[in-house]
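File shown: model_8.cif (mmCIF, C-alpha atoms).
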data_data
#
loop_
_atom_site.label_atom_id
_atom_site.label_comp_id
_atom_site.auth_asym_id
_atom_site.auth_seq_id
_atom_site.Cartn_x
_atom_site.Cartn_y
_atom_site.Cartn_z
CA MET A 1439 90.61 82.57 143.97
CA ALA A 1440 88.66 81.46 140.94
CA SER A 1441 85.45 83.30 140.17
CA THR A 1442 82.23 81.51 141.11
CA LYS A 1443 80.18 83.55 138.67
CA LYS A 1444 77.94 81.33 136.59
CA ILE A 1445 78.31 81.45 132.85
CA SER A 1446 76.03 80.00 130.24
CA LYS A 1447 76.89 78.97 126.70
CA ASN A 1448 75.42 82.15 125.30
CA SER A 1449 76.61 84.58 127.97
CA ILE A 1450 77.66 87.90 126.47
CA ASN A 1451 78.59 91.38 127.63
CA SER A 1452 79.53 94.57 125.87
CA GLY A 1453 82.85 92.94 124.94
CA GLY A 1454 81.27 89.94 123.24
CA ILE A 1455 80.90 86.25 124.08
CA LEU A 1456 82.35 85.19 127.43
CA ARG A 1457 84.07 81.97 128.40
CA ARG A 1458 85.81 80.67 131.51
CA CYS A 1459 89.52 79.88 131.59
CA ILE A 1460 89.98 76.26 132.68
CA VAL A 1461 93.13 77.21 134.62
CA SER A 1462 92.39 80.50 136.38
CA GLY A 1463 88.61 80.33 136.46
CA ARG A 1464 88.47 83.88 135.11
CA ILE A 1465 85.58 84.75 132.80
CA GLU A 1466 86.70 86.86 129.87
CA PRO A 1467 85.63 87.80 126.31
CA ILE A 1468 86.81 85.20 123.82
CA THR A 1469 89.02 87.84 122.19
CA LYS A 1470 91.29 87.41 125.23
CA LEU A 1471 91.23 83.62 125.26
CA ILE A 1472 92.53 80.64 123.30
CA ARG A 1473 90.11 77.88 122.32
CA PHE A 1474 91.24 74.27 122.27
CA VAL A 1475 89.38 71.17 121.17
CA VAL A 1476 90.02 67.46 121.55
CA GLY A 1477 91.12 66.23 118.13
CA PRO A 1478 91.81 62.80 116.68
CA ASP A 1479 93.41 60.28 119.05
CA ASP A 1480 92.33 62.48 121.99
CA VAL A 1481 95.06 65.05 121.29
CA ILE A 1482 94.52 68.68 122.33
CA VAL A 1483 94.44 70.97 119.29
CA PRO A 1484 94.51 74.81 119.35
CA ASP A 1485 91.57 76.37 117.53
CA ILE A 1486 92.88 79.87 116.87
CA SER A 1487 90.00 80.81 114.55
CA LYS A 1488 87.40 79.37 116.96
CA ARG A 1489 85.74 77.34 114.20
CA LEU A 1490 86.65 73.70 114.80
CA PRO A 1491 83.83 71.34 115.80
CA GLY A 1492 83.65 69.99 119.31
CA ARG A 1493 83.41 71.35 122.79
CA GLY A 1494 85.72 74.27 123.40
CA LEU A 1495 88.27 74.23 126.21
CA TRP A 1496 89.36 77.79 126.89
CA THR A 1497 92.44 79.34 128.48
CA LEU A 1498 93.68 82.88 128.87
CA ALA A 1499 95.98 83.90 126.02
CA ALA A 1500 99.22 83.49 127.96
CA ARG A 1501 102.12 81.06 127.62
CA ASP A 1502 102.32 80.28 131.34
CA ILE A 1503 98.59 79.54 131.50
CA VAL A 1504 98.73 77.12 128.57
CA ASN A 1505 101.79 75.44 130.09
CA GLU A 1506 99.95 75.10 133.40
CA ALA A 1507 96.89 73.65 131.67
CA ARG A 1508 99.11 71.00 130.14
CA ALA A 1509 101.31 70.25 133.16
CA GLY A 1510 98.41 70.30 135.62
CA ARG A 1511 96.23 68.13 133.37
CA LYS A 1512 93.55 70.80 133.33
CA PHE A 1513 92.57 69.71 129.82
CA ASP A 1514 91.71 66.23 131.16
CA LYS A 1515 89.48 67.70 133.84
CA ALA A 1516 87.73 70.06 131.43
CA ALA A 1517 87.27 67.36 128.77
CA LYS A 1518 86.16 64.85 131.43
CA ARG A 1519 88.47 62.20 130.01
CA SER A 1520 92.14 61.48 129.53
CA VAL A 1521 93.65 63.57 126.73
CA SER A 1522 97.13 64.26 125.44
CA ALA A 1523 98.62 67.75 125.09
CA PRO A 1524 101.86 68.17 123.08
CA ALA A 1525 104.89 69.30 125.06
CA ASP A 1526 105.29 72.27 122.69
CA LEU A 1527 101.63 73.25 122.80
CA ALA A 1528 102.37 76.89 123.74
CA ASP A 1529 104.82 77.15 120.84
CA ILE A 1530 102.20 75.76 118.46
CA VAL A 1531 99.74 78.41 119.68
CA GLU A 1532 102.31 81.17 119.22
CA LEU A 1533 103.09 80.15 115.65
CA SER A 1534 99.40 79.86 114.81
CA LEU A 1535 98.68 83.31 116.24
CA LEU A 1536 101.64 84.77 114.36
CA GLU A 1537 100.33 83.30 111.11
CA SER A 1538 96.88 84.71 111.87
CA CYS A 1539 98.30 88.20 112.52
CA LEU A 1540 100.38 88.21 109.34
CA ASN A 1541 97.40 86.97 107.33
CA ILE A 1542 95.41 89.97 108.57
CA VAL A 1543 98.18 92.34 107.47
CA GLY A 1544 98.32 90.55 104.10
CA LEU A 1545 94.58 90.93 103.70
CA ALA A 1546 94.82 94.63 104.51
CA ARG A 1547 97.66 95.08 102.03
CA ARG A 1548 95.79 93.38 99.20
CA ALA A 1549 92.75 95.54 99.92
CA GLY A 1550 94.87 98.70 99.82
CA HIS A 1551 94.61 99.29 103.58
CA ALA A 1552 98.19 98.53 104.62
CA VAL A 1553 101.54 99.97 103.58
CA GLY A 1554 105.10 99.12 104.54
CA GLY A 1555 108.22 101.25 104.92
CA TYR A 1556 109.03 104.43 106.81
CA GLU A 1557 107.96 106.98 104.19
CA LYS A 1558 104.61 105.34 103.36
CA THR A 1559 103.84 104.74 107.03
CA ARG A 1560 104.74 108.34 107.86
CA ALA A 1561 102.49 109.57 105.05
CA SER A 1562 99.59 107.54 106.43
CA ILE A 1563 100.14 109.03 109.87
CA ALA A 1564 100.40 112.57 108.47
CA SER A 1565 97.09 112.13 106.64
CA GLY A 1566 95.27 112.57 109.95
CA LYS A 1567 93.29 109.37 109.49
CA GLU A 1568 92.90 106.68 112.12
CA VAL A 1569 96.01 104.54 111.75
CA LEU A 1570 97.40 101.51 113.52
CA VAL A 1571 101.18 101.35 113.30
CA ILE A 1572 103.37 98.27 113.57
CA VAL A 1573 107.01 98.86 114.48
CA ALA A 1574 109.31 95.86 114.10
CA SER A 1575 111.47 94.91 117.05
CA GLY A 1576 114.93 96.37 116.70
CA ALA A 1577 113.75 99.69 115.32
CA SER A 1578 115.69 102.59 116.79
CA THR A 1579 114.03 104.77 119.40
CA GLY A 1580 114.81 107.84 117.31
CA SER A 1581 113.10 106.53 114.19
CA ARG A 1582 110.01 105.58 116.18
CA GLU A 1583 109.85 109.02 117.76
CA ARG A 1584 110.21 110.76 114.40
CA LEU A 1585 107.58 108.50 112.86
CA LEU A 1586 105.00 109.21 115.54
CA SER A 1587 105.78 112.88 116.14
CA GLY A 1588 102.68 115.04 116.18
CA ARG A 1589 100.21 112.18 116.62
CA ARG A 1590 99.86 111.38 120.32
CA ASP A 1591 96.80 109.25 119.56
CA ILE A 1592 98.73 106.71 117.49
CA ALA A 1593 99.24 103.25 118.99
CA ALA A 1594 102.22 101.23 117.78
CA ILE A 1595 102.57 97.47 118.18
CA ASP A 1596 106.13 96.19 118.46
CA ILE A 1597 105.99 92.42 118.95
CA PHE A 1598 106.94 91.44 115.39
CA GLY A 1599 110.31 90.89 113.79
CA GLN A 1600 111.46 92.65 110.63
CA GLY A 1601 111.66 89.35 108.76
CA GLU A 1602 108.13 88.39 109.81
CA LEU A 1603 106.68 91.63 108.47
CA GLY A 1604 108.88 91.42 105.40
CA LYS A 1605 107.22 88.16 104.32
CA VAL A 1606 103.91 89.99 103.96
CA PHE A 1607 105.42 92.58 101.63
CA GLY A 1608 107.72 90.26 99.70
CA ARG A 1609 110.88 91.78 101.17
CA ASP A 1610 113.71 90.55 103.37
CA GLY A 1611 112.57 92.88 106.13
CA VAL A 1612 110.09 95.64 106.90
CA VAL A 1613 110.41 97.87 109.97
CA PHE A 1614 107.29 100.05 109.76
CA VAL A 1615 103.74 99.18 108.70
CA ALA A 1616 100.50 101.19 108.80
CA ILE A 1617 96.99 99.74 108.71
CA THR A 1618 94.43 102.36 107.72
CA ASP A 1619 91.13 100.47 107.89
CA ALA A 1620 89.47 100.70 111.32
CA MET A 1621 87.78 97.29 111.25
CA ILE A 1622 90.90 95.47 110.09
CA ALA A 1623 92.97 97.39 112.63
CA LYS A 1624 90.62 96.31 115.44
CA LYS A 1625 90.83 92.67 114.36
CA PHE A 1626 94.61 92.87 114.15
CA ARG A 1627 94.91 94.56 117.54
CA ASP A 1628 92.87 91.81 119.22
CA GLU A 1629 94.92 89.08 117.57
CA ALA A 1630 98.22 90.79 118.35
CA ALA A 1631 97.16 91.13 121.99
CA ARG A 1632 96.66 87.36 122.13
CA LEU A 1633 100.03 86.78 120.49
CA ALA A 1634 101.71 89.12 122.97
CA GLY A 1635 100.89 86.69 125.76
CA PHE A 1636 103.12 84.13 124.10
CA ARG A 1637 106.14 86.23 123.13
CA THR A 1638 106.90 89.73 124.35
CA ARG A 1639 104.27 92.38 124.87
CA LEU A 1640 101.82 94.73 123.23
CA VAL A 1641 103.12 98.28 123.62
CA ALA A 1642 101.23 101.51 123.08
CA LEU A 1643 103.76 104.21 122.21
CA ASP A 1644 102.84 107.78 122.88
CA ASN A 1645 105.33 109.82 120.89
CA GLY A 1646 107.99 107.31 121.85
CA GLN A 1647 107.21 107.55 125.57
CA ARG A 1648 106.19 104.41 127.46
#
Encoded form (structure tokens):
Amino acid sequence: MASTKKISKNSINSGGILRRCIVSGRIEPITKLIRFVVGPDDVIVPDISKRLPGRGLWTLAARDIVNEARAGRKFDKAAKRSVSAPADLADIVELSLLESCLNIVGLARRAGHAVGGYEKTRASIASGKEVLVIVASGASTGSRERLLSGRRDIAAIDIFGQGELGKVFGRDGVVFVAITDAMIAKKFRDEAARLAGFRTRLVALDNGQR
């Protein structure tokens, strides 16, 4: 049953600004939601960065929810007029979120806060600093366990392909990445969590144990 809790434009909690999902009725921080706006020709447009002008139409960051919003004409109801949502809207959101995530890694790399490759990632972990680790899909269980050995507090995100990470570092493929800046890591984690709802999952590895 959808929540009946009232929410104002400026409602906030300890997790930040809150909005209501037009499909589920759930009220969540915007870090867990996708914002859409009605663009030219009354076409629904994803606003991944939450900066486009116009009234925001929010959904949970999940492929099935976006598909339901489109199929059930939830966007029409929320916009209070007839609108058009592309058939591949969820795919468009996924690609936009992927680009956003890789841009964050690129920013961290240029600022000297991200490294790629097993040895550099392992060195970052061994330094004892707060580190967020990205492990490309397809990495062997053994290599992940060796990488994270001795640091049970390390979280590893494994929803990216080797080729996707490789683009950031100018290589054909990268399997391991470490982000060493806490603020950038937090931003990346939030964005990766949204992306996870459209592809596989966000996994916290604890010494290789799930």
To test your reading of the syntax: which residues would the PyMOL selection byres ((chain A and resi 1520) around 12) return for the file shown? Reply as a tab-separated table (two decimals) with C-alpha atoms, in the frame of the given file.
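Result went into selection.tsv, see below:
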chain	number	residue	atom	x	y	z
A	1476	VAL	CA	90.02	67.46	121.55
A	1479	ASP	CA	93.41	60.28	119.05
A	1480	ASP	CA	92.33	62.48	121.99
A	1481	VAL	CA	95.06	65.05	121.29
A	1482	ILE	CA	94.52	68.68	122.33
A	1508	ARG	CA	99.11	71.00	130.14
A	1511	ARG	CA	96.23	68.13	133.37
A	1512	LYS	CA	93.55	70.80	133.33
A	1513	PHE	CA	92.57	69.71	129.82
A	1514	ASP	CA	91.71	66.23	131.16
A	1515	LYS	CA	89.48	67.70	133.84
A	1516	ALA	CA	87.73	70.06	131.43
A	1517	ALA	CA	87.27	67.36	128.77
A	1518	LYS	CA	86.16	64.85	131.43
A	1519	ARG	CA	88.47	62.20	130.01
A	1521	VAL	CA	93.65	63.57	126.73
A	1522	SER	CA	97.13	64.26	125.44
A	1523	ALA	CA	98.62	67.75	125.09
Starting from the displayed file, determine the output of the PyMOL selection byres ((chain A and resi 1483-1487) around 10) and express the residue list as an mmCIF file with C-alpha atoms, keeping the file's coordinate frame.
data_model
loop_
_atom_site.group_PDB
_atom_site.id
_atom_site.type_symbol
_atom_site.label_atom_id
_atom_site.label_comp_id
_atom_site.auth_asym_id
_atom_site.auth_seq_id
_atom_site.Cartn_x
_atom_site.Cartn_y
_atom_site.Cartn_z
ATOM 1 C CA LEU A 1471 91.230 83.620 125.260
ATOM 2 C CA ILE A 1472 92.530 80.640 123.300
ATOM 3 C CA ARG A 1473 90.110 77.880 122.320
ATOM 4 C CA PHE A 1474 91.240 74.270 122.270
ATOM 5 C CA VAL A 1475 89.380 71.170 121.170
ATOM 6 C CA VAL A 1476 90.020 67.460 121.550
ATOM 7 C CA GLY A 1477 91.120 66.230 118.130
ATOM 8 C CA PRO A 1478 91.810 62.800 116.680
ATOM 9 C CA ASP A 1480 92.330 62.480 121.990
ATOM 10 C CA VAL A 1481 95.060 65.050 121.290
ATOM 11 C CA ILE A 1482 94.520 68.680 122.330
ATOM 12 C CA LYS A 1488 87.400 79.370 116.960
ATOM 13 C CA ARG A 1489 85.740 77.340 114.200
ATOM 14 C CA LEU A 1490 86.650 73.700 114.800
ATOM 15 C CA PRO A 1491 83.830 71.340 115.800
ATOM 16 C CA GLY A 1494 85.720 74.270 123.400
ATOM 17 C CA LEU A 1495 88.270 74.230 126.210
ATOM 18 C CA TRP A 1496 89.360 77.790 126.890
ATOM 19 C CA SER A 1522 97.130 64.260 125.440
ATOM 20 C CA ALA A 1523 98.620 67.750 125.090
ATOM 21 C CA PRO A 1524 101.860 68.170 123.080
ATOM 22 C CA LEU A 1527 101.630 73.250 122.800
ATOM 23 C CA ALA A 1528 102.370 76.890 123.740
ATOM 24 C CA ILE A 1530 102.200 75.760 118.460
ATOM 25 C CA VAL A 1531 99.740 78.410 119.680
ATOM 26 C CA GLU A 1532 102.310 81.170 119.220
ATOM 27 C CA SER A 1534 99.400 79.860 114.810
ATOM 28 C CA LEU A 1535 98.680 83.310 116.240
ATOM 29 C CA SER A 1538 96.880 84.710 111.870
ATOM 30 C CA GLU A 1629 94.920 89.080 117.570
ATOM 31 C CA ARG A 1632 96.660 87.360 122.130
#
Could you name the residues that touch Gly1566 of chain A at 12 Å or less, counting only C-alpha atoms, but leaving out those on the same chain fewer than 5 positions away, as a PyMOL selection string? chain A and resi 1559-1561+1586+1588-1592+1618
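Distances here use only C-alpha atoms; by that measure, the residue among A:Ile1595, A:Arg1457, A:Gly1492, A:Gly1554 closest to Arg1609 of chain A is A:Gly1554.
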Tell me which residues the PyMOL selection byres ((chain A and resi 1556) around 8) grabs here, as a list in words. Gly1554, Gly1555, Glu1557, Lys1558, Thr1559, Arg1560, Leu1585, Val1613, Phe1614 and Val1615 of chain A
Go through A:Glu1583, A:Asp1502, A:Ala1507, A:Val1606 and flag the residue nearest Val1461 of chain A, using all atoms listed in the file for the distances.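 Closest residue, counting all atoms listed in the file: A:Ala1507.
The two atoms in question, atom CA of Arg1637 of chain A and atom CA of Leu1545 of chain A, are spaced 23.1 Å apart.
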Between atom CA of Arg1501 of chain A and atom CA of Ser1462 of chain A, measure the distance and give it in Å to one decimal.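 Interatomic distance, atom CA of Arg1501 of chain A to atom CA of Ser1462 of chain A: 13.1 Å.
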In Å, rounded to a single decimal, give me how far atom CA of Ser1587 of chain A is from atom CA of Gly1608 of chain A.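 Interatomic distance, atom CA of Gly1608 of chain A to atom CA of Ser1587 of chain A: 28.0 Å.
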Between A:Cys1539, A:Leu1498, A:Ala1623, A:Leu1456, which residue has the minimum interatomic distance to Lys1470 of chain A, considering all atoms listed in the file?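 Closest candidate: A:Leu1498.
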From the list A:Gly1454, A:Gly1635, A:Pro1467, A:Gly1550, which residue is nearest Leu1536 of chain A when using all atoms listed in the file? A:Gly1635
Would you list the residues near (109.6, 93.0, 106.6) (no more than 12 Å away, in the coordinates of the file, using only C-alpha atoms) as a VMD selection string? chain A and resid 1540 1543 to 1544 1553 to 1556 1572 to 1577 1598 to 1615
Would you output that residue set with C-alpha atoms, as a JSON list (two decimals), in the frame of the given file?
[["chain", "number", "residue", "atom", "x", "y", "z"],
["A", 1540, "LEU", "CA", 100.38, 88.21, 109.34],
["A", 1543, "VAL", "CA", 98.18, 92.34, 107.47],
["A", 1544, "GLY", "CA", 98.32, 90.55, 104.10],
["A", 1553, "VAL", "CA", 101.54, 99.97, 103.58],
["A", 1554, "GLY", "CA", 105.10, 99.12, 104.54],
["A", 1555, "GLY", "CA", 108.22, 101.25, 104.92],
["A", 1556, "TYR", "CA", 109.03, 104.43, 106.81],
["A", 1572, "ILE", "CA", 103.37, 98.27, 113.57],
["A", 1573, "VAL", "CA", 107.01, 98.86, 114.48],
["A", 1574, "ALA", "CA", 109.31, 95.86, 114.10],
["A", 1575, "SER", "CA", 111.47, 94.91, 117.05],
["A", 1576, "GLY", "CA", 114.93, 96.37, 116.70],
["A", 1577, "ALA", "CA", 113.75, 99.69, 115.32],
["A", 1598, "PHE", "CA", 106.94, 91.44, 115.39],
["A", 1599, "GLY", "CA", 110.31, 90.89, 113.79],
["A", 1600, "GLN", "CA", 111.46, 92.65, 110.63],
["A", 1601, "GLY", "CA", 111.66, 89.35, 108.76],
["A", 1602, "GLU", "CA", 108.13, 88.39, 109.81],
["A", 1603, "LEU", "CA", 106.68, 91.63, 108.47],
["A", 1604, "GLY", "CA", 108.88, 91.42, 105.40],
["A", 1605, "LYS", "CA", 107.22, 88.16, 104.32],
["A", 1606, "VAL", "CA", 103.91, 89.99, 103.96],
["A", 1607, "PHE", "CA", 105.42, 92.58, 101.63],
["A", 1608, "GLY", "CA", 107.72, 90.26, 99.70],
["A", 1609, "ARG", "CA", 110.88, 91.78, 101.17],
["A", 1610, "ASP", "CA", 113.71, 90.55, 103.37],
["A", 1611, "GLY", "CA", 112.57, 92.88, 106.13],
["A", 1612, "VAL", "CA", 110.09, 95.64, 106.90],
["A", 1613, "VAL", "CA", 110.41, 97.87, 109.97],
["A", 1614, "PHE", "CA", 107.29, 100.05, 109.76],
["A", 1615, "VAL", "CA", 103.74, 99.18, 108.70]]
Selected residue, from A:Ala1616, A:Asn1505, A:Thr1469, A:Ala1499, that lies nearest to Arg1547 of chain A when counting only C-alpha atoms: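 Residue with the minimum atom-to-atom distance to Arg1547 of chain A: A:Ala1616.
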